[in-house]
Amino acid sequence: MKFLFIFLGIILMNAQTQTESKDYKVIFELGIISDNSTKISQPNPAIAFGFWYRYPMEADARLELGGNLKSGATIYNFDYGKNGNYYKIESKGYIFNLGGRLVKEFSIKNQKVEWLSELTFNTLFVDGTGIPDDPIRKPENENTTQIIIDAESVSTLQFGQGLRIWKRNIGLGIKASITPYGLWYKTTIPNQFNVFSAEATISIKL
């Protein structure tokens, strides 16, 4: 995880020197995603909404920073470790990821095509009903309220590659990704699993 933040920090500092150009735009993205894994008992298409900040082109390449929120009817089925105990998870998953893309541009005949290499920090949220919460500190006074949310999360990196073409301010894209859950938290996810994703997107420059 430290590597990701260092990587994104270096990219952000380098990209900030490019903001004087008028080329950059904000991108709103809508995606349809299919996830597949041995730990998914009911694979169903999911919908993702994303916002990305698009930096100016330099040497046929540019940077995009942003993230996506994904939800759907896909059912995750795996063992979740907490405080030395293991609990069966069978729940829909909600995913938030944040990171960057390196976008390389090339031409096929008269059509410009973009190749996307994406690295994001991915967090999967699942229903944690039945999993004991961590010990909760007693309120310092009677007027203090505490909010308890029955949800658990697993974080990891996501690696993706894709293609995108633009027609004025509308872009059509496809992308393939791998998400290795249990990359770091081997006690939280004792039986590690990978999720392979295929995604089709519509992008709009704002």
# chains A, B, ... in the order shown; residues from 1 in each chain; ligands from 1
call {"tool": "residues_around", "arguments": {"residues": "region 153-170 of chain A", "least_positions_apart": "4", "cutoff": "7 Å", "atoms": "only C-alpha atoms", "output": "PyMOL selection string"}}
result
chain A and resi 112-126+174-181+183+203-205
call {"tool": "write_last_selection", "arguments": {"atoms": "N, CA and C atoms", "output": "mmCIF file, in the first residue's frame"}}
result
data_model
loop_
_atom_site.group_PDB
_atom_site.id
_atom_site.type_symbol
_atom_site.label_atom_id
_atom_site.label_comp_id
_atom_site.auth_asym_id
_atom_site.auth_seq_id
_atom_site.Cartn_x
_atom_site.Cartn_y
_atom_site.Cartn_z
ATOM 1 N N LYS A 112 -7.747 7.932 -34.022
ATOM 2 C CA LYS A 112 -6.864 7.934 -32.863
ATOM 3 C C LYS A 112 -7.404 6.990 -31.798
ATOM 4 N N VAL A 113 -6.509 6.170 -31.270
ATOM 5 C CA VAL A 113 -6.875 5.168 -30.265
ATOM 6 C C VAL A 113 -6.010 5.381 -29.035
ATOM 7 N N GLU A 114 -6.602 5.225 -27.857
ATOM 8 C CA GLU A 114 -5.864 5.357 -26.595
ATOM 9 C C GLU A 114 -5.703 3.992 -25.934
ATOM 10 N N TRP A 115 -4.474 3.732 -25.462
ATOM 11 C CA TRP A 115 -4.181 2.525 -24.686
ATOM 12 C C TRP A 115 -4.047 2.941 -23.232
ATOM 13 N N LEU A 116 -4.862 2.327 -22.349
ATOM 14 C CA LEU A 116 -4.896 2.699 -20.936
ATOM 15 C C LEU A 116 -4.209 1.635 -20.091
ATOM 16 N N SER A 117 -3.273 2.064 -19.259
ATOM 17 C CA SER A 117 -2.666 1.204 -18.245
ATOM 18 C C SER A 117 -3.065 1.772 -16.883
ATOM 19 N N GLU A 118 -3.855 1.013 -16.128
ATOM 20 C CA GLU A 118 -4.484 1.549 -14.918
ATOM 21 C C GLU A 118 -3.991 0.827 -13.666
ATOM 22 N N LEU A 119 -3.713 1.607 -12.640
ATOM 23 C CA LEU A 119 -3.364 1.081 -11.323
ATOM 24 C C LEU A 119 -4.203 1.818 -10.290
ATOM 25 N N THR A 120 -5.047 1.085 -9.554
ATOM 26 C CA THR A 120 -5.909 1.716 -8.553
ATOM 27 C C THR A 120 -5.831 0.961 -7.234
ATOM 28 N N PHE A 121 -6.187 1.673 -6.182
ATOM 29 C CA PHE A 121 -6.324 1.083 -4.848
ATOM 30 C C PHE A 121 -7.798 0.732 -4.673
ATOM 31 N N ASN A 122 -8.086 -0.567 -4.545
ATOM 32 C CA ASN A 122 -9.446 -1.101 -4.611
ATOM 33 C C ASN A 122 -9.900 -1.571 -3.227
ATOM 34 N N THR A 123 -11.105 -1.155 -2.820
ATOM 35 C CA THR A 123 -11.662 -1.605 -1.542
ATOM 36 C C THR A 123 -13.028 -2.240 -1.768
ATOM 37 N N LEU A 124 -13.177 -3.482 -1.327
ATOM 38 C CA LEU A 124 -14.425 -4.231 -1.429
ATOM 39 C C LEU A 124 -15.148 -4.177 -0.083
ATOM 40 N N PHE A 125 -16.394 -3.712 -0.102
ATOM 41 C CA PHE A 125 -17.232 -3.667 1.100
ATOM 42 C C PHE A 125 -18.294 -4.758 0.997
ATOM 43 N N VAL A 126 -18.443 -5.549 2.063
ATOM 44 C CA VAL A 126 -19.446 -6.613 2.105
ATOM 45 C C VAL A 126 -20.231 -6.526 3.405
ATOM 46 N N ILE A 174 -13.071 -0.335 -23.690
ATOM 47 C CA ILE A 174 -13.116 -1.669 -23.101
ATOM 48 C C ILE A 174 -11.874 -1.828 -22.232
ATOM 49 N N LYS A 175 -12.006 -2.636 -21.190
ATOM 50 C CA LYS A 175 -10.879 -2.801 -20.268
ATOM 51 C C LYS A 175 -10.945 -4.171 -19.613
ATOM 52 N N ALA A 176 -9.799 -4.774 -19.363
ATOM 53 C CA ALA A 176 -9.686 -6.013 -18.607
ATOM 54 C C ALA A 176 -8.835 -5.744 -17.374
ATOM 55 N N SER A 177 -9.259 -6.292 -16.218
ATOM 56 C CA SER A 177 -8.565 -6.020 -14.952
ATOM 57 C C SER A 177 -8.423 -7.295 -14.136
ATOM 58 N N ILE A 178 -7.431 -7.292 -13.255
ATOM 59 C CA ILE A 178 -7.286 -8.352 -12.264
ATOM 60 C C ILE A 178 -7.167 -7.712 -10.892
ATOM 61 N N THR A 179 -7.891 -8.266 -9.919
ATOM 62 C CA THR A 179 -7.884 -7.762 -8.545
ATOM 63 C C THR A 179 -7.510 -8.911 -7.618
ATOM 64 N N PRO A 180 -6.284 -8.935 -7.094
ATOM 65 C CA PRO A 180 -5.839 -10.040 -6.238
ATOM 66 C C PRO A 180 -6.177 -9.798 -4.760
ATOM 67 N N TYR A 181 -7.359 -10.215 -4.335
ATOM 68 C CA TYR A 181 -7.735 -10.065 -2.934
ATOM 69 C C TYR A 181 -6.889 -10.996 -2.074
ATOM 70 N N LEU A 183 -3.855 -9.930 -1.237
ATOM 71 C CA LEU A 183 -2.481 -9.594 -1.609
ATOM 72 C C LEU A 183 -1.646 -9.260 -0.379
ATOM 73 N N SER A 203 -17.494 7.293 -21.857
ATOM 74 C CA SER A 203 -16.857 8.411 -21.191
ATOM 75 C C SER A 203 -17.331 9.724 -21.816
ATOM 76 N N ILE A 204 -17.489 10.719 -20.976
ATOM 77 C CA ILE A 204 -17.930 12.039 -21.440
ATOM 78 C C ILE A 204 -16.965 13.087 -20.890
ATOM 79 N N LYS A 205 -16.361 13.880 -21.782
ATOM 80 C CA LYS A 205 -15.492 14.970 -21.360
ATOM 81 C C LYS A 205 -16.369 16.158 -20.931
#
call {"tool": "residues_around", "arguments": {"residues": "Asn77 (chain A)", "least_positions_apart": "2", "cutoff": "8 Å", "atoms": "only C-alpha atoms", "output": "PyMOL selection string"}}
result
chain A and resi 39-41+75+79+88-91
call {"tool": "write_last_selection", "arguments": {"atoms": "N, CA and C atoms", "output": "mmCIF file, in the first residue's frame"}}
result
data_model
loop_
_atom_site.group_PDB
_atom_site.id
_atom_site.type_symbol
_atom_site.label_atom_id
_atom_site.label_comp_id
_atom_site.auth_asym_id
_atom_site.auth_seq_id
_atom_site.Cartn_x
_atom_site.Cartn_y
_atom_site.Cartn_z
ATOM 1 N N LYS A 39 -14.585 -17.316 -6.038
ATOM 2 C CA LYS A 39 -15.243 -16.872 -4.816
ATOM 3 C C LYS A 39 -16.493 -16.033 -5.106
ATOM 4 N N ILE A 40 -16.945 -16.043 -6.346
ATOM 5 C CA ILE A 40 -18.204 -15.384 -6.699
ATOM 6 C C ILE A 40 -19.207 -16.474 -7.037
ATOM 7 N N SER A 41 -20.262 -16.578 -6.229
ATOM 8 C CA SER A 41 -21.247 -17.644 -6.441
ATOM 9 C C SER A 41 -22.318 -17.241 -7.441
ATOM 10 N N ILE A 75 -22.709 -11.826 -6.066
ATOM 11 C CA ILE A 75 -22.620 -12.366 -4.706
ATOM 12 C C ILE A 75 -21.227 -12.943 -4.467
ATOM 13 N N ASP A 79 -14.349 -16.871 2.985
ATOM 14 C CA ASP A 79 -14.117 -16.816 4.431
ATOM 15 C C ASP A 79 -13.396 -15.522 4.778
ATOM 16 N N LYS A 88 -18.116 -16.903 7.511
ATOM 17 C CA LYS A 88 -18.540 -17.103 6.132
ATOM 18 C C LYS A 88 -19.217 -15.843 5.610
ATOM 19 N N ILE A 89 -18.706 -15.321 4.508
ATOM 20 C CA ILE A 89 -19.299 -14.151 3.858
ATOM 21 C C ILE A 89 -20.081 -14.621 2.640
ATOM 22 N N GLU A 90 -21.315 -14.219 2.539
ATOM 23 C CA GLU A 90 -22.138 -14.451 1.347
ATOM 24 C C GLU A 90 -22.952 -13.193 1.149
ATOM 25 N N SER A 91 -22.437 -12.296 0.331
ATOM 26 C CA SER A 91 -22.973 -10.941 0.297
ATOM 27 C C SER A 91 -22.714 -10.277 -1.050
#
call {"tool": "select_by_dssp", "arguments": {"residues": "chain A", "states": "helix (DSSP H, G or I)", "output": "number ranges by chain"}}
result
A: 2-18
call {"tool": "residues_around", "arguments": {"residues": "Asp150 (chain A)", "least_positions_apart": "3", "cutoff": "10 Å", "atoms": "only C-alpha atoms", "output": "ChimeraX atom specification"}}
result
/A:126-133,147
call {"tool": "write_last_selection", "arguments": {"atoms": "C-alpha atoms", "output": "short mmCIF file (atom, residue, chain, number, x, y, z; two decimals), in the first residue's frame"}}
result
data_model
loop_
_atom_site.label_atom_id
_atom_site.label_comp_id
_atom_site.auth_asym_id
_atom_site.auth_seq_id
_atom_site.Cartn_x
_atom_site.Cartn_y
_atom_site.Cartn_z
CA VAL A 126 -19.45 -6.61 2.11
CA ASP A 127 -22.22 -7.24 4.63
CA GLY A 128 -20.67 -7.85 8.05
CA THR A 129 -23.84 -8.92 9.87
CA GLY A 130 -22.92 -11.71 12.27
CA ILE A 131 -19.27 -10.66 12.48
CA PRO A 132 -18.49 -9.14 15.91
CA ASP A 133 -17.38 -5.53 15.89
CA ILE A 147 -22.51 4.92 14.74
#
call {"tool": "closest_residue", "arguments": {"among": "A:Gly100, A:Gly66, A:Gly171, A:Pro56", "to": "Lys25 (chain A)", "atoms": "only C-alpha atoms"}}
result
A:Pro56
call {"tool": "residues_around", "arguments": {"residues": "Glu64 (chain A)", "least_positions_apart": "5", "cutoff": "10 Å", "atoms": "only C-alpha atoms", "output": "ChimeraX atom specification"}}
result
/A:11-12,15,24-27,51-56,99-103,116,118
call {"tool": "write_last_selection", "arguments": {"atoms": "N, CA and C atoms", "output": "compact mmCIF listing (two decimals), in the first residue's frame"}}
result
# COMPACT_ATOMS: atom_id res chain seq x y z
N ILE A 11 3.49 10.86 -9.36
CA ILE A 11 2.74 11.18 -10.57
C ILE A 11 2.04 12.52 -10.42
N LEU A 12 1.41 12.76 -9.27
CA LEU A 12 0.66 13.99 -9.06
C LEU A 12 1.59 15.21 -9.09
N ALA A 15 2.51 15.85 -12.62
CA ALA A 15 1.39 16.31 -13.45
C ALA A 15 1.01 17.75 -13.14
N TYR A 24 -6.55 19.87 -20.83
CA TYR A 24 -7.09 18.94 -19.85
C TYR A 24 -8.60 19.11 -19.67
N LYS A 25 -9.27 18.01 -19.27
CA LYS A 25 -10.71 18.01 -19.05
C LYS A 25 -11.03 17.04 -17.92
N VAL A 26 -12.22 17.20 -17.36
CA VAL A 26 -12.76 16.23 -16.41
C VAL A 26 -13.59 15.23 -17.19
N ILE A 27 -13.45 13.95 -16.83
CA ILE A 27 -14.19 12.90 -17.52
C ILE A 27 -15.17 12.26 -16.55
N PHE A 51 -15.23 9.42 -11.93
CA PHE A 51 -14.77 10.75 -12.31
C PHE A 51 -13.25 10.70 -12.41
N TRP A 52 -12.72 11.26 -13.52
CA TRP A 52 -11.29 11.25 -13.76
C TRP A 52 -10.85 12.62 -14.23
N TYR A 53 -9.69 13.05 -13.74
CA TYR A 53 -9.11 14.32 -14.17
C TYR A 53 -8.04 14.03 -15.21
N ARG A 54 -8.19 14.60 -16.39
CA ARG A 54 -7.37 14.29 -17.56
C ARG A 54 -6.36 15.40 -17.79
N TYR A 55 -5.08 15.06 -17.64
CA TYR A 55 -4.01 16.04 -17.80
C TYR A 55 -3.61 16.19 -19.27
N PRO A 56 -2.92 17.27 -19.61
CA PRO A 56 -2.54 17.52 -21.01
C PRO A 56 -1.63 16.44 -21.58
N GLY A 99 -7.15 5.89 -8.08
CA GLY A 99 -5.79 5.71 -8.56
C GLY A 99 -5.51 6.51 -9.82
N GLY A 100 -4.67 5.95 -10.68
CA GLY A 100 -4.23 6.67 -11.87
C GLY A 100 -4.15 5.79 -13.10
N ARG A 101 -4.12 6.47 -14.24
CA ARG A 101 -3.98 5.80 -15.53
C ARG A 101 -2.90 6.50 -16.35
N LEU A 102 -2.10 5.72 -17.03
CA LEU A 102 -1.21 6.25 -18.05
C LEU A 102 -1.86 5.97 -19.40
N VAL A 103 -2.13 7.02 -20.16
CA VAL A 103 -2.84 6.90 -21.43
C VAL A 103 -1.88 7.21 -22.57
N LEU A 116 -4.86 2.33 -22.35
CA LEU A 116 -4.90 2.70 -20.94
C LEU A 116 -4.21 1.63 -20.09
N GLU A 118 -3.86 1.01 -16.13
CA GLU A 118 -4.48 1.55 -14.92
C GLU A 118 -3.99 0.83 -13.67
call {"tool": "select_by_dssp", "arguments": {"residues": "chain A", "states": "strand (DSSP E)", "output": "PyMOL selection string"}}
result
chain A and resi 25-36+40-42+46-54+61-82+85-108+111-127+151-167+170-181+193-205
